[in-house]
>>> print(open('protein06.cif').read())   # mmCIF, N, CA and C atoms
data_protein
#
loop_
_atom_site.label_atom_id
_atom_site.label_comp_id
_atom_site.auth_asym_id
_atom_site.auth_seq_id
_atom_site.Cartn_x
_atom_site.Cartn_y
_atom_site.Cartn_z
N MET R 1 0.85 -1.18 0.00
CA MET R 1 0.00 0.00 0.00
C MET R 1 0.89 1.24 0.00
N ALA R 2 0.55 2.19 -0.81
CA ALA R 2 1.32 3.43 -0.90
C ALA R 2 0.95 4.37 0.23
N GLU R 3 1.87 5.26 0.52
CA GLU R 3 1.60 6.27 1.54
C GLU R 3 0.77 7.39 0.90
N THR R 4 -0.25 7.86 1.62
CA THR R 4 -1.07 8.94 1.08
C THR R 4 -0.20 10.18 0.95
N ASN R 5 -0.14 10.74 -0.23
CA ASN R 5 0.63 11.96 -0.38
C ASN R 5 -0.17 13.06 -1.07
N LEU R 6 -1.41 12.79 -1.39
CA LEU R 6 -2.27 13.81 -1.98
C LEU R 6 -3.60 13.77 -1.23
N ARG R 7 -3.94 14.88 -0.60
CA ARG R 7 -5.15 14.92 0.22
C ARG R 7 -5.82 16.26 0.02
N PHE R 8 -7.15 16.23 -0.21
CA PHE R 8 -7.92 17.43 -0.49
C PHE R 8 -9.03 17.57 0.55
N ARG R 9 -8.65 17.56 1.81
CA ARG R 9 -9.58 17.69 2.93
C ARG R 9 -8.96 18.64 3.94
N ASP R 10 -9.81 19.28 4.74
CA ASP R 10 -9.32 20.21 5.75
C ASP R 10 -9.13 19.57 7.12
N ASP R 11 -9.72 18.39 7.34
CA ASP R 11 -9.61 17.75 8.64
C ASP R 11 -8.27 17.01 8.76
N GLU R 12 -8.01 16.50 9.95
CA GLU R 12 -6.78 15.76 10.20
C GLU R 12 -6.80 14.42 9.47
N PRO R 13 -5.66 13.98 8.93
CA PRO R 13 -5.62 12.68 8.27
C PRO R 13 -5.93 11.56 9.26
N HIS R 14 -6.58 10.55 8.78
CA HIS R 14 -6.92 9.38 9.60
C HIS R 14 -5.73 8.42 9.53
N GLU R 15 -5.17 8.10 10.67
CA GLU R 15 -3.94 7.31 10.70
C GLU R 15 -4.16 5.82 10.92
N GLU R 16 -5.35 5.41 11.32
CA GLU R 16 -5.61 3.99 11.58
C GLU R 16 -5.51 3.20 10.28
N PRO R 17 -4.80 2.07 10.30
CA PRO R 17 -4.74 1.25 9.08
C PRO R 17 -6.13 0.73 8.71
N ALA R 18 -6.38 0.66 7.41
CA ALA R 18 -7.66 0.17 6.92
C ALA R 18 -7.67 -1.36 6.95
N VAL R 19 -8.79 -1.92 7.38
CA VAL R 19 -8.96 -3.37 7.41
C VAL R 19 -9.82 -3.78 6.21
N SER R 20 -9.82 -5.05 5.90
CA SER R 20 -10.65 -5.55 4.80
C SER R 20 -12.13 -5.46 5.19
N ILE R 21 -13.00 -5.53 4.19
CA ILE R 21 -14.44 -5.54 4.48
C ILE R 21 -14.79 -6.72 5.38
N GLU R 22 -14.23 -7.88 5.07
CA GLU R 22 -14.52 -9.07 5.88
C GLU R 22 -14.11 -8.86 7.34
N ALA R 23 -12.91 -8.32 7.55
CA ALA R 23 -12.45 -8.07 8.92
C ALA R 23 -13.32 -7.01 9.59
N PHE R 24 -13.70 -5.98 8.84
CA PHE R 24 -14.54 -4.91 9.40
C PHE R 24 -15.89 -5.45 9.86
N LEU R 25 -16.51 -6.26 9.04
CA LEU R 25 -17.83 -6.79 9.39
C LEU R 25 -17.77 -7.74 10.58
N GLY R 26 -16.57 -8.26 10.89
CA GLY R 26 -16.41 -9.17 12.00
C GLY R 26 -15.97 -8.52 13.30
N GLN R 27 -15.88 -7.19 13.33
CA GLN R 27 -15.47 -6.50 14.55
C GLN R 27 -16.30 -5.25 14.75
N THR R 28 -16.11 -4.60 15.87
CA THR R 28 -16.95 -3.44 16.17
C THR R 28 -16.17 -2.15 16.35
N ASN R 29 -14.84 -2.20 16.32
CA ASN R 29 -14.08 -1.00 16.66
C ASN R 29 -13.29 -0.37 15.52
N ALA R 30 -13.29 -0.92 14.33
CA ALA R 30 -12.52 -0.35 13.22
C ALA R 30 -13.22 0.89 12.68
N THR R 31 -12.42 1.89 12.30
CA THR R 31 -12.97 3.11 11.71
C THR R 31 -12.42 3.37 10.31
N ALA R 32 -11.67 2.40 9.79
CA ALA R 32 -11.12 2.51 8.44
C ALA R 32 -11.22 1.16 7.76
N VAL R 33 -11.67 1.17 6.52
CA VAL R 33 -11.85 -0.09 5.78
C VAL R 33 -11.31 0.08 4.36
N ARG R 34 -10.86 -1.04 3.79
CA ARG R 34 -10.31 -1.06 2.43
C ARG R 34 -11.21 -1.94 1.56
N ILE R 35 -11.62 -1.39 0.43
CA ILE R 35 -12.42 -2.13 -0.54
C ILE R 35 -11.51 -2.55 -1.68
N GLU R 36 -11.42 -3.85 -1.89
CA GLU R 36 -10.64 -4.37 -3.01
C GLU R 36 -11.52 -4.38 -4.26
N ALA R 37 -10.90 -4.41 -5.42
CA ALA R 37 -11.64 -4.45 -6.68
C ALA R 37 -12.59 -5.64 -6.67
N GLY R 38 -13.83 -5.38 -7.03
CA GLY R 38 -14.83 -6.43 -7.10
C GLY R 38 -15.64 -6.63 -5.84
N GLU R 39 -15.23 -6.01 -4.73
CA GLU R 39 -16.02 -6.13 -3.50
C GLU R 39 -17.18 -5.15 -3.54
N ASP R 40 -18.24 -5.49 -2.84
CA ASP R 40 -19.47 -4.71 -2.88
C ASP R 40 -19.46 -3.62 -1.81
N ALA R 41 -19.35 -2.37 -2.22
CA ALA R 41 -19.33 -1.24 -1.29
C ALA R 41 -20.63 -1.13 -0.51
N ARG R 42 -21.72 -1.66 -1.06
CA ARG R 42 -23.01 -1.56 -0.37
C ARG R 42 -23.03 -2.30 0.96
N LEU R 43 -22.10 -3.22 1.18
CA LEU R 43 -22.02 -3.90 2.48
C LEU R 43 -21.69 -2.92 3.61
N LEU R 44 -21.10 -1.80 3.27
CA LEU R 44 -20.71 -0.80 4.28
C LEU R 44 -21.80 0.21 4.59
N LEU R 45 -22.85 0.26 3.80
CA LEU R 45 -23.86 1.30 3.96
C LEU R 45 -24.45 1.41 5.37
N PRO R 46 -24.71 0.32 6.07
CA PRO R 46 -25.26 0.47 7.43
C PRO R 46 -24.26 1.04 8.44
N TYR R 47 -22.98 1.13 8.07
CA TYR R 47 -21.94 1.53 9.01
C TYR R 47 -21.25 2.84 8.66
N LEU R 48 -21.74 3.56 7.68
CA LEU R 48 -21.05 4.76 7.20
C LEU R 48 -20.82 5.80 8.29
N ASP R 49 -21.73 5.89 9.25
CA ASP R 49 -21.60 6.90 10.30
C ASP R 49 -20.42 6.67 11.23
N ARG R 50 -19.85 5.49 11.25
CA ARG R 50 -18.71 5.22 12.14
C ARG R 50 -17.39 5.08 11.40
N LEU R 51 -17.40 5.25 10.10
CA LEU R 51 -16.18 5.13 9.31
C LEU R 51 -15.56 6.50 9.04
N ALA R 52 -14.29 6.64 9.38
CA ALA R 52 -13.57 7.88 9.10
C ALA R 52 -12.83 7.82 7.78
N LEU R 53 -12.51 6.60 7.32
CA LEU R 53 -11.74 6.42 6.09
C LEU R 53 -12.23 5.17 5.37
N ILE R 54 -12.48 5.33 4.07
CA ILE R 54 -12.70 4.18 3.20
C ILE R 54 -11.70 4.30 2.07
N GLU R 55 -10.88 3.29 1.95
CA GLU R 55 -9.85 3.25 0.91
C GLU R 55 -10.30 2.27 -0.17
N ILE R 56 -10.26 2.71 -1.41
CA ILE R 56 -10.69 1.87 -2.53
C ILE R 56 -9.49 1.60 -3.42
N ASP R 57 -9.23 0.32 -3.65
CA ASP R 57 -8.06 -0.09 -4.41
C ASP R 57 -8.33 -0.10 -5.91
N PHE R 58 -7.37 0.41 -6.65
CA PHE R 58 -7.37 0.33 -8.11
C PHE R 58 -6.18 -0.53 -8.52
N PRO R 59 -6.40 -1.84 -8.76
CA PRO R 59 -5.27 -2.72 -9.07
C PRO R 59 -4.62 -2.41 -10.42
N ARG R 60 -5.42 -1.90 -11.36
CA ARG R 60 -4.93 -1.50 -12.68
C ARG R 60 -5.66 -0.22 -13.07
N PHE R 61 -5.01 0.64 -13.81
CA PHE R 61 -5.61 1.92 -14.16
C PHE R 61 -6.89 1.75 -14.97
N ARG R 62 -7.03 0.67 -15.69
CA ARG R 62 -8.21 0.48 -16.53
C ARG R 62 -9.37 -0.20 -15.81
N ASP R 63 -9.21 -0.46 -14.52
CA ASP R 63 -10.26 -1.10 -13.72
C ASP R 63 -11.11 0.01 -13.10
N GLY R 64 -12.31 0.22 -13.62
CA GLY R 64 -13.16 1.33 -13.19
C GLY R 64 -14.14 1.02 -12.08
N ARG R 65 -14.08 -0.18 -11.51
CA ARG R 65 -15.06 -0.54 -10.47
C ARG R 65 -14.98 0.37 -9.25
N GLY R 66 -13.81 0.91 -8.96
CA GLY R 66 -13.67 1.81 -7.82
C GLY R 66 -14.47 3.09 -7.96
N TYR R 67 -14.66 3.55 -9.20
CA TYR R 67 -15.50 4.73 -9.43
C TYR R 67 -16.93 4.45 -8.98
N SER R 68 -17.43 3.27 -9.31
CA SER R 68 -18.79 2.90 -8.92
C SER R 68 -18.91 2.81 -7.40
N SER R 69 -17.92 2.23 -6.75
CA SER R 69 -17.95 2.14 -5.29
C SER R 69 -17.98 3.52 -4.66
N ALA R 70 -17.15 4.42 -5.17
CA ALA R 70 -17.13 5.79 -4.64
C ALA R 70 -18.47 6.48 -4.84
N SER R 71 -19.04 6.32 -6.00
CA SER R 71 -20.33 6.94 -6.29
C SER R 71 -21.43 6.42 -5.36
N ILE R 72 -21.44 5.12 -5.14
CA ILE R 72 -22.42 4.51 -4.23
C ILE R 72 -22.28 5.07 -2.83
N LEU R 73 -21.05 5.16 -2.35
CA LEU R 73 -20.80 5.63 -0.98
C LEU R 73 -21.18 7.10 -0.81
N ARG R 74 -20.81 7.94 -1.75
CA ARG R 74 -21.14 9.37 -1.64
C ARG R 74 -22.65 9.58 -1.80
N ALA R 75 -23.29 8.86 -2.70
CA ALA R 75 -24.74 8.99 -2.88
C ALA R 75 -25.49 8.55 -1.62
N ALA R 76 -24.90 7.64 -0.86
CA ALA R 76 -25.52 7.17 0.38
C ALA R 76 -25.26 8.11 1.55
N GLY R 77 -24.48 9.17 1.32
CA GLY R 77 -24.26 10.16 2.36
C GLY R 77 -22.93 10.08 3.09
N TYR R 78 -22.01 9.25 2.63
CA TYR R 78 -20.72 9.15 3.30
C TYR R 78 -19.94 10.45 3.14
N THR R 79 -19.48 11.02 4.25
CA THR R 79 -18.75 12.30 4.21
C THR R 79 -17.31 12.17 4.69
N GLY R 80 -16.91 10.98 5.10
CA GLY R 80 -15.54 10.77 5.57
C GLY R 80 -14.55 10.77 4.41
N GLU R 81 -13.31 10.50 4.76
CA GLU R 81 -12.25 10.47 3.75
C GLU R 81 -12.43 9.27 2.83
N LEU R 82 -12.35 9.55 1.54
CA LEU R 82 -12.48 8.51 0.52
C LEU R 82 -11.19 8.52 -0.29
N ARG R 83 -10.40 7.47 -0.13
CA ARG R 83 -9.04 7.42 -0.69
C ARG R 83 -8.95 6.43 -1.83
N ALA R 84 -8.42 6.87 -2.96
CA ALA R 84 -8.10 5.99 -4.08
C ALA R 84 -6.65 5.56 -3.94
N SER R 85 -6.42 4.26 -3.99
CA SER R 85 -5.04 3.78 -3.85
C SER R 85 -4.73 2.80 -4.97
N GLY R 86 -3.46 2.64 -5.23
CA GLY R 86 -3.02 1.68 -6.24
C GLY R 86 -2.58 2.35 -7.52
N ASP R 87 -2.99 1.79 -8.64
CA ASP R 87 -2.58 2.25 -9.97
C ASP R 87 -3.43 3.45 -10.38
N VAL R 88 -3.21 4.56 -9.70
CA VAL R 88 -3.94 5.82 -9.91
C VAL R 88 -3.06 6.73 -10.75
N LEU R 89 -3.57 7.15 -11.90
CA LEU R 89 -2.79 7.98 -12.82
C LEU R 89 -3.29 9.43 -12.78
N VAL R 90 -2.41 10.35 -13.11
CA VAL R 90 -2.75 11.77 -13.03
C VAL R 90 -3.94 12.13 -13.92
N ASP R 91 -4.07 11.51 -15.08
CA ASP R 91 -5.17 11.87 -15.97
C ASP R 91 -6.52 11.33 -15.50
N GLN R 92 -6.54 10.49 -14.48
CA GLN R 92 -7.79 9.99 -13.90
C GLN R 92 -8.24 10.80 -12.69
N MET R 93 -7.34 11.56 -12.11
CA MET R 93 -7.61 12.16 -10.80
C MET R 93 -8.71 13.21 -10.81
N LEU R 94 -8.87 13.96 -11.88
CA LEU R 94 -9.98 14.91 -11.98
C LEU R 94 -11.30 14.17 -11.89
N PHE R 95 -11.42 13.07 -12.61
CA PHE R 95 -12.66 12.31 -12.62
C PHE R 95 -12.88 11.58 -11.30
N MET R 96 -11.81 11.17 -10.67
CA MET R 96 -11.91 10.57 -9.33
C MET R 96 -12.39 11.61 -8.32
N ARG R 97 -11.88 12.83 -8.43
CA ARG R 97 -12.35 13.91 -7.54
C ARG R 97 -13.84 14.17 -7.78
N ARG R 98 -14.25 14.16 -9.04
CA ARG R 98 -15.66 14.42 -9.35
C ARG R 98 -16.59 13.37 -8.75
N VAL R 99 -16.16 12.12 -8.70
CA VAL R 99 -17.00 11.06 -8.18
C VAL R 99 -16.94 10.99 -6.65
N GLY R 100 -16.02 11.73 -6.02
CA GLY R 100 -16.03 11.81 -4.56
C GLY R 100 -14.74 11.49 -3.84
N PHE R 101 -13.72 11.06 -4.54
CA PHE R 101 -12.44 10.80 -3.86
C PHE R 101 -11.84 12.12 -3.40
N ASP R 102 -11.32 12.13 -2.16
CA ASP R 102 -10.69 13.34 -1.66
C ASP R 102 -9.28 13.10 -1.12
N SER R 103 -8.76 11.90 -1.29
CA SER R 103 -7.35 11.65 -1.02
C SER R 103 -6.88 10.51 -1.92
N PHE R 104 -5.57 10.48 -2.12
CA PHE R 104 -4.99 9.55 -3.08
C PHE R 104 -3.70 8.97 -2.53
N ALA R 105 -3.52 7.69 -2.74
CA ALA R 105 -2.29 6.99 -2.39
C ALA R 105 -1.83 6.22 -3.63
N PRO R 106 -1.30 6.94 -4.63
CA PRO R 106 -0.90 6.28 -5.87
C PRO R 106 0.37 5.45 -5.69
N ASP R 107 0.48 4.39 -6.47
CA ASP R 107 1.68 3.55 -6.44
C ASP R 107 2.90 4.32 -6.93
N ALA R 108 2.71 5.20 -7.90
CA ALA R 108 3.81 5.96 -8.48
C ALA R 108 3.65 7.44 -8.14
N PRO R 109 4.75 8.17 -8.06
CA PRO R 109 4.66 9.61 -7.76
C PRO R 109 3.85 10.35 -8.82
N ILE R 110 3.15 11.39 -8.38
CA ILE R 110 2.35 12.23 -9.27
C ILE R 110 3.04 13.58 -9.38
N ASP R 111 3.29 14.01 -10.59
CA ASP R 111 3.91 15.32 -10.82
C ASP R 111 2.91 16.42 -10.48
N ALA R 112 3.28 17.32 -9.60
CA ALA R 112 2.37 18.37 -9.12
C ALA R 112 1.92 19.29 -10.25
N HIS R 113 2.80 19.63 -11.17
CA HIS R 113 2.44 20.50 -12.28
C HIS R 113 1.44 19.80 -13.22
N ALA R 114 1.67 18.53 -13.49
CA ALA R 114 0.74 17.78 -14.34
C ALA R 114 -0.62 17.65 -13.67
N LEU R 115 -0.63 17.48 -12.36
CA LEU R 115 -1.90 17.38 -11.64
C LEU R 115 -2.66 18.70 -11.69
N GLU R 116 -1.95 19.79 -11.52
CA GLU R 116 -2.59 21.11 -11.60
C GLU R 116 -3.21 21.33 -12.99
N ARG R 117 -2.49 20.98 -14.02
CA ARG R 117 -3.02 21.10 -15.39
C ARG R 117 -4.23 20.20 -15.59
N ALA R 118 -4.18 18.99 -15.05
CA ALA R 118 -5.32 18.07 -15.19
C ALA R 118 -6.56 18.62 -14.49
N PHE R 119 -6.39 19.19 -13.32
CA PHE R 119 -7.52 19.75 -12.58
C PHE R 119 -8.10 20.99 -13.25
N GLU R 120 -7.30 21.68 -14.04
CA GLU R 120 -7.76 22.90 -14.72
C GLU R 120 -8.17 22.66 -16.17
N ARG R 121 -8.17 21.43 -16.61
CA ARG R 121 -8.40 21.10 -18.02
C ARG R 121 -9.76 21.53 -18.53
N TYR R 122 -10.80 21.35 -17.73
CA TYR R 122 -12.16 21.65 -18.19
C TYR R 122 -12.77 22.77 -17.38
N ASP R 123 -13.35 23.73 -18.08
CA ASP R 123 -14.05 24.83 -17.41
C ASP R 123 -15.45 24.43 -16.98
N TYR R 124 -16.07 23.54 -17.74
CA TYR R 124 -17.46 23.15 -17.48
C TYR R 124 -17.60 21.63 -17.59
N PHE R 125 -18.64 21.12 -16.97
CA PHE R 125 -18.96 19.70 -17.04
C PHE R 125 -20.41 19.54 -17.46
N TYR R 126 -20.72 18.46 -18.14
CA TYR R 126 -22.08 18.21 -18.59
C TYR R 126 -22.89 17.40 -17.59
N GLN R 127 -22.21 16.65 -16.70
CA GLN R 127 -22.92 15.79 -15.76
C GLN R 127 -22.85 16.34 -14.34
N SER R 128 -23.88 16.03 -13.57
CA SER R 128 -23.82 16.27 -12.13
C SER R 128 -22.93 15.19 -11.53
N ALA R 129 -22.29 15.51 -10.42
CA ALA R 129 -21.42 14.53 -9.76
C ALA R 129 -21.31 14.88 -8.28
N ALA R 130 -20.54 14.10 -7.57
CA ALA R 130 -20.37 14.29 -6.13
C ALA R 130 -19.68 15.61 -5.80
N ASP R 131 -18.94 16.17 -6.75
CA ASP R 131 -18.20 17.40 -6.46
C ASP R 131 -19.07 18.66 -6.47
N GLN R 132 -20.34 18.52 -6.78
CA GLN R 132 -21.30 19.62 -6.75
C GLN R 132 -21.06 20.71 -7.80
N ALA R 133 -20.23 20.44 -8.81
CA ALA R 133 -20.07 21.39 -9.91
C ALA R 133 -21.41 21.51 -10.63
N VAL R 134 -21.77 22.73 -10.96
CA VAL R 134 -23.04 22.96 -11.66
C VAL R 134 -22.85 22.60 -13.14
N PRO R 135 -23.67 21.68 -13.65
CA PRO R 135 -23.52 21.28 -15.06
C PRO R 135 -23.77 22.47 -16.00
N VAL R 136 -23.10 22.46 -17.12
CA VAL R 136 -23.19 23.56 -18.07
C VAL R 136 -24.60 23.78 -18.57
N TRP R 137 -25.39 22.72 -18.76
CA TRP R 137 -26.77 22.87 -19.22
C TRP R 137 -27.60 23.65 -18.21
N LYS R 138 -27.30 23.46 -16.93
CA LYS R 138 -28.05 24.20 -15.91
C LYS R 138 -27.62 25.66 -15.87
N LEU R 139 -26.37 25.91 -16.15
CA LEU R 139 -25.91 27.31 -16.23
C LEU R 139 -26.57 28.04 -17.38
N ARG R 140 -26.77 27.31 -18.48
CA ARG R 140 -27.38 27.91 -19.67
C ARG R 140 -28.87 28.11 -19.53
N HIS R 141 -29.54 27.14 -18.90
CA HIS R 141 -31.01 27.14 -18.90
C HIS R 141 -31.65 27.29 -17.52
N GLY R 142 -30.83 27.43 -16.50
CA GLY R 142 -31.36 27.62 -15.15
C GLY R 142 -31.90 26.44 -14.60
#
>>> encode(input="protein06.cif", output="structure tokens")
Amino acid sequence: MAETNLRFRDDEPHEEPAVSIEAFLGQTNATAVRIEAGEDARLLLPYLDRLALIEIDFPRFRDGRGYSSASILRAAGYTGELRASGDVLVDQMLFMRRVGFDSFAPDAPIDAHALERAFERYDYFYQSAADQAVPVWKLRHG
């Protein structure tokens, strides 16, 4: 697991190691959980109020299941830290932020200048998302 080096939250980082979903469901005191690719994020929905960190693994950059997990968790009201870890690339991070990720633990270093350019690439978006950006159609038509 990579060390978190990109975080877009104002609160203190959560330092407790994340446990697997299986381990989390079998105990009562964990406040951080890790979702592996293919695991069902909906298993965590009854426990969102006690989780400070949910880490979602991206084993390969082309594996998009983590986006769905993040979307499910944010739509269900999860407000804690949502961390993308693994094979996270700079050109994906804008879209990961839009779906609700607010911290990143990439396997490889991310160039700060490239990340800034990626975040500034689009002035408008067509879809609503977890980031609350107002879609361009709504700006045009109210």
>>> residues_around(input="protein06.cif", residues="R:Asn29", least_positions_apart="3", cutoff="12 Å", atoms="only C-alpha atoms", output="ChimeraX atom specification")
/R:16,18-19,23-26,32-33,47,50-52
>>> resolve_selection(input="protein06.cif", expression="the PyMOL selection byres ((chain R and resi 90) around 8)", output="PDB file with N, CA and C atoms, in the frame of the given file")
ATOM      1  N   ASP R  87      -2.990   1.790  -8.640  1.00  0.00           N
ATOM      2  CA  ASP R  87      -2.580   2.250  -9.970  1.00  0.00           C
ATOM      3  C   ASP R  87      -3.430   3.450 -10.380  1.00  0.00           C
ATOM      4  N   VAL R  88      -3.210   4.560  -9.700  1.00  0.00           N
ATOM      5  CA  VAL R  88      -3.940   5.820  -9.910  1.00  0.00           C
ATOM      6  C   VAL R  88      -3.060   6.730 -10.750  1.00  0.00           C
ATOM      7  N   LEU R  89      -3.570   7.150 -11.900  1.00  0.00           N
ATOM      8  CA  LEU R  89      -2.790   7.980 -12.820  1.00  0.00           C
ATOM      9  C   LEU R  89      -3.290   9.430 -12.780  1.00  0.00           C
ATOM     10  N   ASP R  91      -4.070  11.510 -15.080  1.00  0.00           N
ATOM     11  CA  ASP R  91      -5.170  11.870 -15.970  1.00  0.00           C
ATOM     12  C   ASP R  91      -6.520  11.330 -15.500  1.00  0.00           C
ATOM     13  N   GLN R  92      -6.540  10.490 -14.480  1.00  0.00           N
ATOM     14  CA  GLN R  92      -7.790   9.990 -13.900  1.00  0.00           C
ATOM     15  C   GLN R  92      -8.240  10.800 -12.690  1.00  0.00           C
ATOM     16  N   MET R  93      -7.340  11.560 -12.110  1.00  0.00           N
ATOM     17  CA  MET R  93      -7.610  12.160 -10.800  1.00  0.00           C
ATOM     18  C   MET R  93      -8.710  13.210 -10.810  1.00  0.00           C
ATOM     19  N   LEU R  94      -8.870  13.960 -11.880  1.00  0.00           N
ATOM     20  CA  LEU R  94      -9.980  14.910 -11.980  1.00  0.00           C
ATOM     21  C   LEU R  94     -11.300  14.170 -11.890  1.00  0.00           C
ATOM     22  N   PHE R  95     -11.420  13.070 -12.610  1.00  0.00           N
ATOM     23  CA  PHE R  95     -12.660  12.310 -12.620  1.00  0.00           C
ATOM     24  C   PHE R  95     -12.880  11.580 -11.300  1.00  0.00           C
ATOM     25  N   PRO R 109       4.750   8.170  -8.060  1.00  0.00           N
ATOM     26  CA  PRO R 109       4.660   9.610  -7.760  1.00  0.00           C
ATOM     27  C   PRO R 109       3.850  10.350  -8.820  1.00  0.00           C
ATOM     28  N   ILE R 110       3.150  11.390  -8.380  1.00  0.00           N
ATOM     29  CA  ILE R 110       2.350  12.230  -9.270  1.00  0.00           C
ATOM     30  C   ILE R 110       3.040  13.580  -9.380  1.00  0.00           C
ATOM     31  N   ASP R 111       3.290  14.010 -10.590  1.00  0.00           N
ATOM     32  CA  ASP R 111       3.910  15.320 -10.820  1.00  0.00           C
ATOM     33  C   ASP R 111       2.910  16.420 -10.480  1.00  0.00           C
ATOM     34  N   ALA R 114       1.670  18.530 -13.490  1.00  0.00           N
ATOM     35  CA  ALA R 114       0.740  17.780 -14.340  1.00  0.00           C
ATOM     36  C   ALA R 114      -0.620  17.650 -13.670  1.00  0.00           C
ATOM     37  N   LEU R 115      -0.630  17.480 -12.360  1.00  0.00           N
ATOM     38  CA  LEU R 115      -1.900  17.380 -11.640  1.00  0.00           C
ATOM     39  C   LEU R 115      -2.660  18.700 -11.690  1.00  0.00           C
ATOM     40  N   ALA R 118      -4.180  18.990 -15.050  1.00  0.00           N
ATOM     41  CA  ALA R 118      -5.320  18.070 -15.190  1.00  0.00           C
ATOM     42  C   ALA R 118      -6.560  18.620 -14.490  1.00  0.00           C
ATOM     43  N   PHE R 119      -6.390  19.190 -13.320  1.00  0.00           N
ATOM     44  CA  PHE R 119      -7.520  19.750 -12.580  1.00  0.00           C
ATOM     45  C   PHE R 119      -8.100  20.990 -13.250  1.00  0.00           C
TER      46      PHE R 119
END
>>> resolve_selection(input="protein06.cif", expression="the PyMOL selection byres (((chain R and resi 103 and name CA) around 10) and name CA)", output="ChimeraX atom specification")
/R:4-9,13,53,55,81-85,93,96-97,100-102,104-106
>>> select_by_dssp(input="protein06.cif", residues="stretch 51-112 of chain R", states="alpha helix (DSSP H)", output="PyMOL selection string")
chain R and resi 65-75+93-99+112
>>> resolve_selection(input="protein06.cif", expression="the PyMOL selection byres ((chain R and resi 58-64) around 5)", output="VMD selection string")
chain R and resid 56 to 57 65 to 68 85 to 87
>>> atom_distance(input="protein06.cif", atom1="atom N of R:Ala75", atom2="atom CA of R:Ala130")
7.1 Å
>>> select_by_dssp(input="protein06.cif", residues="stretch 48-136 of chain R", states="strand (DSSP E)", output="list of chain:residue names")
R:Leu53, R:Ile54, R:Glu55, R:Ile56, R:Asp57, R:Phe58, R:Glu81, R:Leu82, R:Arg83, R:Ala84, R:Ser85, R:Gly86, R:Ser103, R:Phe104, R:Ala105, R:Pro106
>>> atom_distance(input="protein06.cif", atom1="atom CA of R:Ala37", atom2="atom CA of R:Thr79")
21.2 Å
>>> atom_distance(input="protein06.cif", atom1="atom CA of R:Ala41", atom2="atom N of R:His14")
20.1 Å
>>> residues_near_point(input="protein06.cif", point="(-26.2, 7.2, 7.2)", cutoff="6.5 Å", atoms="only N, CA and C atoms", output="PyMOL selection string")
chain R and resi 45+48-49+76-77
>>> write_last_selection(input="protein06.cif", atoms="N, CA and C atoms", output="PDB file, in the frame of the given file")
ATOM      1  N   LEU R  45     -22.850   0.260   3.800  1.00  0.00           N
ATOM      2  CA  LEU R  45     -23.860   1.300   3.960  1.00  0.00           C
ATOM      3  C   LEU R  45     -24.450   1.410   5.370  1.00  0.00           C
ATOM      4  N   LEU R  48     -21.740   3.560   7.680  1.00  0.00           N
ATOM      5  CA  LEU R  48     -21.050   4.760   7.200  1.00  0.00           C
ATOM      6  C   LEU R  48     -20.820   5.800   8.290  1.00  0.00           C
ATOM      7  N   ASP R  49     -21.730   5.890   9.250  1.00  0.00           N
ATOM      8  CA  ASP R  49     -21.600   6.900  10.300  1.00  0.00           C
ATOM      9  C   ASP R  49     -20.420   6.670  11.230  1.00  0.00           C
ATOM     10  N   ALA R  76     -24.900   7.640  -0.860  1.00  0.00           N
ATOM     11  CA  ALA R  76     -25.520   7.170   0.380  1.00  0.00           C
ATOM     12  C   ALA R  76     -25.260   8.110   1.550  1.00  0.00           C
ATOM     13  N   GLY R  77     -24.480   9.170   1.320  1.00  0.00           N
ATOM     14  CA  GLY R  77     -24.260  10.160   2.360  1.00  0.00           C
ATOM     15  C   GLY R  77     -22.930  10.080   3.090  1.00  0.00           C
TER      16      GLY R  77
END
>>> closest_residue(input="protein06.cif", among="R:Leu44, R:Leu139, R:Ala129, R:Ala112", to="R:Tyr78", atoms="only C-alpha atoms")
R:Leu44
